[in-house]
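The data block below is final_37.txt; it holds compact mmCIF, C-alpha atoms.
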```
# COMPACT_ATOMS: atom_id res chain seq x y z
CA MET U 27 0.44 4.39 -7.34
CA GLU U 28 -0.90 4.59 -10.88
CA ILE U 29 -2.79 7.43 -12.56
CA THR U 30 -4.78 6.79 -15.74
CA TRP U 31 -6.55 9.44 -17.83
CA TYR U 32 -9.84 8.74 -19.63
CA GLY U 33 -10.22 12.13 -21.29
CA HIS U 34 -11.50 15.57 -20.23
CA SER U 35 -11.09 15.74 -16.40
CA CYS U 36 -11.59 12.04 -15.62
CA PHE U 37 -8.76 10.08 -13.99
CA ARG U 38 -8.51 6.83 -12.08
CA LEU U 39 -6.09 6.64 -9.15
CA THR U 40 -5.12 3.16 -7.98
CA GLU U 41 -2.75 1.77 -5.38
CA ARG U 42 -2.58 -1.73 -3.97
CA ASN U 43 -4.39 -2.06 -0.62
CA TYR U 44 -5.97 1.40 -0.96
CA ALA U 45 -9.36 2.56 -2.22
CA THR U 46 -9.57 3.37 -5.92
CA VAL U 47 -10.63 6.91 -6.87
CA VAL U 48 -12.31 8.17 -10.06
CA THR U 49 -12.41 11.94 -10.60
CA ASP U 50 -15.05 13.82 -12.61
CA PRO U 51 -16.65 10.93 -14.59
CA PHE U 52 -18.27 12.28 -17.74
CA ASP U 53 -21.32 11.49 -19.83
CA HIS U 54 -19.76 10.59 -23.17
CA LYS U 55 -22.60 12.35 -24.98
CA ALA U 56 -21.45 15.62 -23.41
CA THR U 57 -17.76 15.26 -24.22
CA GLY U 58 -17.33 13.06 -27.31
CA TYR U 59 -14.97 10.62 -25.57
CA ASP U 60 -15.72 6.89 -25.39
CA ALA U 61 -18.31 5.83 -22.81
CA LEU U 62 -16.71 5.10 -19.45
CA LYS U 63 -16.85 1.66 -17.84
CA LEU U 64 -14.99 2.09 -14.57
CA LYS U 65 -14.94 0.62 -11.07
CA ALA U 66 -14.01 2.56 -7.94
CA GLU U 67 -14.91 2.92 -4.30
CA ILE U 68 -14.64 6.72 -4.36
CA VAL U 69 -15.90 9.24 -6.93
CA THR U 70 -15.10 12.94 -6.62
CA ILE U 71 -17.07 15.61 -8.47
CA SER U 72 -15.51 19.03 -8.91
CA HIS U 73 -18.76 20.67 -9.99
CA ASP U 74 -22.24 19.80 -11.17
CA ALA U 75 -22.07 19.43 -14.96
CA PRO U 76 -22.59 16.45 -17.34
CA GLY U 77 -18.90 16.43 -18.27
CA HIS U 78 -17.90 16.00 -14.63
CA ASN U 79 -20.69 14.33 -12.59
CA TYR U 80 -21.89 11.23 -14.46
CA LEU U 81 -22.05 8.62 -11.70
CA ASP U 82 -23.65 5.97 -13.92
CA ALA U 83 -20.24 5.49 -15.57
CA VAL U 84 -18.68 4.05 -12.40
CA LYS U 85 -19.64 0.79 -10.67
CA GLY U 86 -18.96 -0.29 -7.08
CA VAL U 87 -19.05 3.23 -5.65
CA SER U 88 -19.44 3.53 -1.87
CA HIS U 89 -18.53 7.21 -1.44
CA VAL U 90 -19.40 10.20 -3.65
CA LEU U 91 -17.64 13.44 -2.65
CA THR U 92 -19.13 16.72 -3.85
CA GLY U 93 -18.24 19.25 -1.16
CA ALA U 94 -15.37 20.79 0.74
CA GLY U 95 -14.02 18.97 3.79
CA GLU U 96 -11.56 16.35 4.97
CA TYR U 97 -12.13 12.62 4.54
CA GLU U 98 -10.39 9.32 5.19
CA ILE U 99 -11.70 6.46 3.05
CA GLY U 100 -10.01 3.15 2.38
CA GLY U 101 -6.63 4.41 3.58
CA VAL U 102 -6.77 7.51 1.38
CA PHE U 103 -6.76 10.93 3.07
CA ILE U 104 -8.70 13.45 1.00
CA THR U 105 -8.82 17.23 1.37
CA ALA U 106 -11.45 19.11 -0.66
CA VAL U 107 -11.14 22.89 -1.02
CA GLN U 108 -13.75 25.13 -2.65
CA THR U 109 -12.19 27.67 -5.02
CA ASP U 110 -14.92 29.84 -6.50
CA GLY U 111 -14.18 32.85 -4.27
CA SER U 112 -12.24 34.77 -6.90
CA ALA U 113 -14.59 33.79 -9.73
CA LYS U 114 -17.61 35.75 -8.49
CA LYS U 115 -17.27 38.40 -11.19
CA LEU U 116 -17.35 35.86 -13.99
CA LYS U 117 -20.59 35.26 -15.85
CA GLU U 118 -20.07 31.50 -15.87
CA LYS U 119 -19.30 30.97 -12.21
CA VAL U 120 -18.42 27.39 -11.30
CA ARG U 121 -18.63 26.17 -7.71
CA ASN U 122 -15.42 24.24 -8.13
CA LYS U 123 -13.70 21.91 -5.68
CA ILE U 124 -10.04 20.91 -5.72
CA TYR U 125 -9.41 17.46 -4.25
CA VAL U 126 -6.04 16.46 -2.81
CA PHE U 127 -5.56 12.70 -2.40
CA ASP U 128 -2.87 11.47 -0.01
CA TYR U 129 -1.78 7.90 -0.73
CA ASP U 130 0.72 7.08 2.01
CA GLY U 131 2.57 10.36 1.61
CA ILE U 132 2.18 10.81 -2.16
CA THR U 133 -0.25 13.68 -2.80
CA VAL U 134 -2.24 14.16 -6.00
CA ALA U 135 -4.30 17.32 -6.54
CA HIS U 136 -7.18 17.26 -9.04
CA LEU U 137 -7.92 20.91 -9.78
CA GLY U 138 -11.32 20.30 -11.37
CA ASP U 139 -12.71 23.16 -13.45
CA LEU U 140 -10.57 25.78 -11.74
CA GLN U 141 -11.22 29.18 -13.36
CA GLN U 142 -8.92 31.57 -11.56
CA VAL U 143 -5.47 31.41 -10.02
CA PRO U 144 -6.09 30.28 -6.40
CA SER U 145 -5.66 32.67 -3.50
CA GLN U 146 -2.78 32.24 -1.09
CA ASN U 147 -5.22 30.85 1.50
CA GLU U 148 -6.48 28.28 -0.99
CA VAL U 149 -2.95 27.26 -1.93
CA GLU U 150 -2.05 26.83 1.74
CA ALA U 151 -5.19 24.75 2.33
CA LEU U 152 -4.04 22.29 -0.35
CA GLY U 153 -0.74 21.61 1.40
CA THR U 154 2.16 19.96 -0.43
CA VAL U 155 1.24 18.76 -3.94
CA ASN U 156 3.40 16.09 -5.56
CA VAL U 157 1.26 15.59 -8.66
CA ALA U 158 -1.05 18.29 -10.08
CA LEU U 159 -3.82 17.29 -12.51
CA ILE U 160 -4.52 20.68 -14.07
CA PRO U 161 -6.93 22.06 -16.70
CA VAL U 162 -5.06 23.94 -19.43
CA GLY U 163 -7.47 24.37 -22.36
CA GLY U 164 -9.55 27.40 -21.41
CA GLY U 165 -13.30 27.28 -21.90
CA THR U 166 -14.74 27.58 -18.39
CA SER U 167 -11.40 26.67 -16.81
CA LEU U 168 -7.78 27.84 -16.78
CA ASN U 169 -6.17 28.82 -20.06
CA ALA U 170 -2.55 27.94 -20.78
CA ALA U 171 -1.04 31.09 -19.24
CA LYS U 172 -3.09 30.86 -16.03
CA ALA U 173 -2.35 27.13 -15.76
CA ALA U 174 1.38 27.85 -15.95
CA GLU U 175 0.95 30.47 -13.21
CA VAL U 176 -0.84 27.93 -10.99
CA VAL U 177 2.00 25.45 -11.54
CA SER U 178 4.50 28.06 -10.36
CA LEU U 179 2.39 28.65 -7.24
CA LEU U 180 1.89 24.99 -6.32
CA GLU U 181 5.42 23.88 -7.26
CA PRO U 182 4.43 20.23 -7.78
CA ASN U 183 6.95 17.55 -8.71
CA LEU U 184 4.79 16.38 -11.61
CA VAL U 185 2.17 18.14 -13.74
CA VAL U 186 -0.42 16.25 -15.77
CA PRO U 187 -2.47 18.49 -18.11
CA MET U 188 -6.18 17.78 -18.69
CA HIS U 189 -9.27 19.50 -20.09
CA PHE U 190 -7.80 20.45 -23.49
CA SER U 191 -8.64 19.84 -27.13
CA THR U 192 -8.10 16.30 -28.48
CA PRO U 193 -9.29 14.49 -31.63
CA LYS U 194 -12.11 12.97 -29.54
CA THR U 195 -13.55 15.90 -27.66
CA LYS U 196 -16.36 17.92 -29.16
CA LEU U 197 -15.92 20.75 -26.67
CA SER U 198 -14.37 24.03 -27.74
CA LEU U 199 -11.02 23.99 -25.95
CA GLU U 200 -7.49 25.13 -26.73
CA SER U 201 -4.73 22.74 -27.74
CA LEU U 202 -2.19 21.28 -25.35
CA ASN U 203 0.64 22.93 -27.31
CA LYS U 204 -0.18 26.36 -25.88
CA PHE U 205 0.40 25.10 -22.35
CA LEU U 206 3.58 23.27 -23.32
CA LYS U 207 4.93 26.51 -24.83
CA GLU U 208 4.06 28.38 -21.62
CA MET U 209 6.08 25.77 -19.74
CA GLY U 210 9.00 26.14 -22.15
CA LEU U 211 8.48 22.71 -23.70
CA GLY U 212 8.09 21.37 -27.22
CA LYS U 213 5.88 18.48 -28.25
CA THR U 214 6.04 15.49 -25.93
CA THR U 215 5.12 11.86 -26.46
CA PRO U 216 2.04 10.89 -24.42
CA GLN U 217 2.29 7.84 -22.19
CA SER U 218 -0.52 5.41 -21.37
CA SER U 219 -0.43 5.95 -17.60
CA LEU U 220 1.71 7.46 -14.86
CA LYS U 221 3.26 5.34 -12.11
CA VAL U 222 4.34 7.42 -9.12
CA THR U 223 6.69 6.44 -6.30
CA ARG U 224 8.13 8.70 -3.63
CA SER U 225 11.68 7.82 -4.65
CA GLY U 226 10.86 8.57 -8.29
CA LEU U 227 9.59 12.12 -7.77
CA PRO U 228 11.81 14.65 -9.59
CA GLU U 229 13.15 17.63 -7.64
CA GLU U 230 12.20 20.08 -10.38
CA THR U 231 8.72 20.22 -11.89
CA HIS U 232 8.20 17.86 -14.83
CA VAL U 233 5.22 17.84 -17.21
CA ILE U 234 3.85 14.39 -18.04
CA VAL U 235 1.37 14.13 -20.92
CA LEU U 236 -1.01 11.18 -20.74
CA ASP U 237 -2.90 9.63 -23.61
CA TYR U 238 -6.59 9.18 -22.95
CA GLN U 239 -7.67 5.55 -22.69
CA LYS U 240 -9.69 4.19 -25.60
CA ASP U 241 -12.04 1.19 -25.73
```

Take the structure in the file and give it back as C-alpha cells.
Amino acid sequence: MEITWYGHSCFRLTERNYATVVTDPFDHKATGYDALKLKAEIVTISHDAPGHNYLDAVKGVSHVLTGAGEYEIGGVFITAVQTDGSAKKLKEKVRNKIYVFDYDGITVAHLGDLQQVPSQNEVEALGTVNVALIPVGGGTSLNAAKAAEVVSLLEPNLVVPMHFSTPKTKLSLESLNKFLKEMGLGKTTPQSSLKVTRSGLPEETHVIVLDYQKD
C-alpha cells in the first residue's frame, strides 16, 4: 500500500483493489497549504475543525466517518477509537478519534489531534499498529516528548510524523527537529510517499519523514 502526505494531518492511503482513504482533509485557508484536489471513497475526520473536516476537498466520497466504531468498507477494516477521556481537564478539549485502517493485515493508525498519551484501554482497543501517523508539533495536539512516549507505547514498525511546522503552514506549531531529537535521530531526508509491504516492515521502529505534496 502507499501513503501520501498532503500537509497538516491529511494523508491518502491507497492499495490496488481496495477503497482509497483520505484522512482529515483541510481547508487550505485554515492551514496555509495548497488547496486539496483529492479523490477517495472514504474520508475520516478526527475532530470537527476547518483544518481537519473540509469535505469539499475530496471528490467521489461514499463514506464519511466521524465517530467511534468498527467498519468494513471496500475491503478495508476500520476501527475508530475516541480518545478525549484524559483530556477533560484541558481548556481546549478535542473530541478526537484515532482511526486504524487494516489493509489485508497491514495496519495504519491515524492519531488525529491526539492531546494526551492514550490510556492502556485505548491502546488495547487499537490493536497491533504497523504504521503510526502521529502529531508531533504541539499546539492542540501532542508535543515532541509526548509523541515519543506514544510511540514507545504503540511500538509500531514505522512512524510518520505529521502536524508540525513547515514553510507552508501558518499555524503555530513546533518544528519536526524536536521530535527527531526525542527519538534519538538527526535530520532526515523527506521522501515523497511511503510504500508499505508486510515483508518490508522493520522489526525495530523506524521514523519515516514524508514531504507534503505540492501542486

- Contacts of segment 41-55 of chain U at 10 Å (all atoms listed in the file; same-chain gap of 5+ positions) as a PyMOL selection string: chain U and resi 27-36+60-84+87+89-91+99-102+125+127+129-130+136+138-139+195-196+221-222

- Go ahead and compute the interatomic distance for atom CA of Lys213 of chain U and atom CA of Val149 of chain U, in Å to one decimal.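 Distance between the two atoms: 29.1 Å.
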
- d(atom CA of His189 of chain U, atom CA of Gln142 of chain U) in Å: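 Taking atom CA of His189 of chain U as the start and atom CA of Gln142 of chain U as the end point, the length is 14.8 Å.
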
Every residue with an atom at most 7 Å from (-7.7, 19.5, -25.1) (file coordinates; only C-alpha atoms) is what I'm after, so could you write them as a PDB file with C-alpha atoms, keeping the file's coordinate frame?
```
ATOM      1  CA  GLY U 163      -7.470  24.370 -22.360  1.00  0.00           C
ATOM      2  CA  MET U 188      -6.180  17.780 -18.690  1.00  0.00           C
ATOM      3  CA  HIS U 189      -9.270  19.500 -20.090  1.00  0.00           C
ATOM      4  CA  PHE U 190      -7.800  20.450 -23.490  1.00  0.00           C
ATOM      5  CA  SER U 191      -8.640  19.840 -27.130  1.00  0.00           C
ATOM      6  CA  THR U 192      -8.100  16.300 -28.480  1.00  0.00           C
ATOM      7  CA  LEU U 199     -11.020  23.990 -25.950  1.00  0.00           C
ATOM      8  CA  GLU U 200      -7.490  25.130 -26.730  1.00  0.00           C
ATOM      9  CA  SER U 201      -4.730  22.740 -27.740  1.00  0.00           C
ATOM     10  CA  LEU U 202      -2.190  21.280 -25.350  1.00  0.00           C
TER      11      LEU U 202
END
```

- atom CA of Arg121 of chain U to atom CA of Leu152 of chain U, straight-line distance in Å: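 One can read the atom CA of Leu152 of chain U to atom CA of Arg121 of chain U distance as 16.8 Å.
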
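Nearest to Thr223 of chain U of all the residues U:Thr57, U:Ser167, U:Asn156, U:Asn203 is U:Asn156, counting all atoms listed in the file.
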
- For Ala170 of chain U, work out the shell of residues within 6 Å, counting all atoms listed in the file and skipping chain neighbours fewer than 3 positions away, then give it as number ranges by chain. U: 162, 173, 204-205

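You can rank U:Ser219, U:Thr92, U:Thr214, U:Asn169 by their closest distance to Leu39 of chain U using only C-alpha atoms, and at the top of that list sits U:Ser219.
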
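If you measure from each of U:Gln239, U:Leu197, U:Glu229, U:Leu220 to Gly58 of chain U using only C-alpha atoms, the closest one turns out to be U:Leu197.
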
- Message: Given all atoms listed in the file as the basis, pick out the residue of U:Ile132, U:Ala171, U:Val107, U:Val126 nearest to Ser225 of chain U.
- Response: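 Nearest to Ser225 of chain U: U:Ile132.
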
- Taking into account all atoms listed in the file, which residue in the set U:Ala151, U:Leu140, U:Ala56, U:Met209 is nearest to Ala94 of chain U?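 Closest to Ala94 of chain U, using all atoms listed in the file: U:Ala151.
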
- Using all atoms listed in the file, find the one residue out of U:Gly86, U:Gly164, U:Pro193, U:Pro144 that sits nearest to Lys240 of chain U.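 Of U:Gly86, U:Gly164, U:Pro193, U:Pro144, the one nearest Lys240 of chain U, counting all atoms listed in the file, is U:Pro193.
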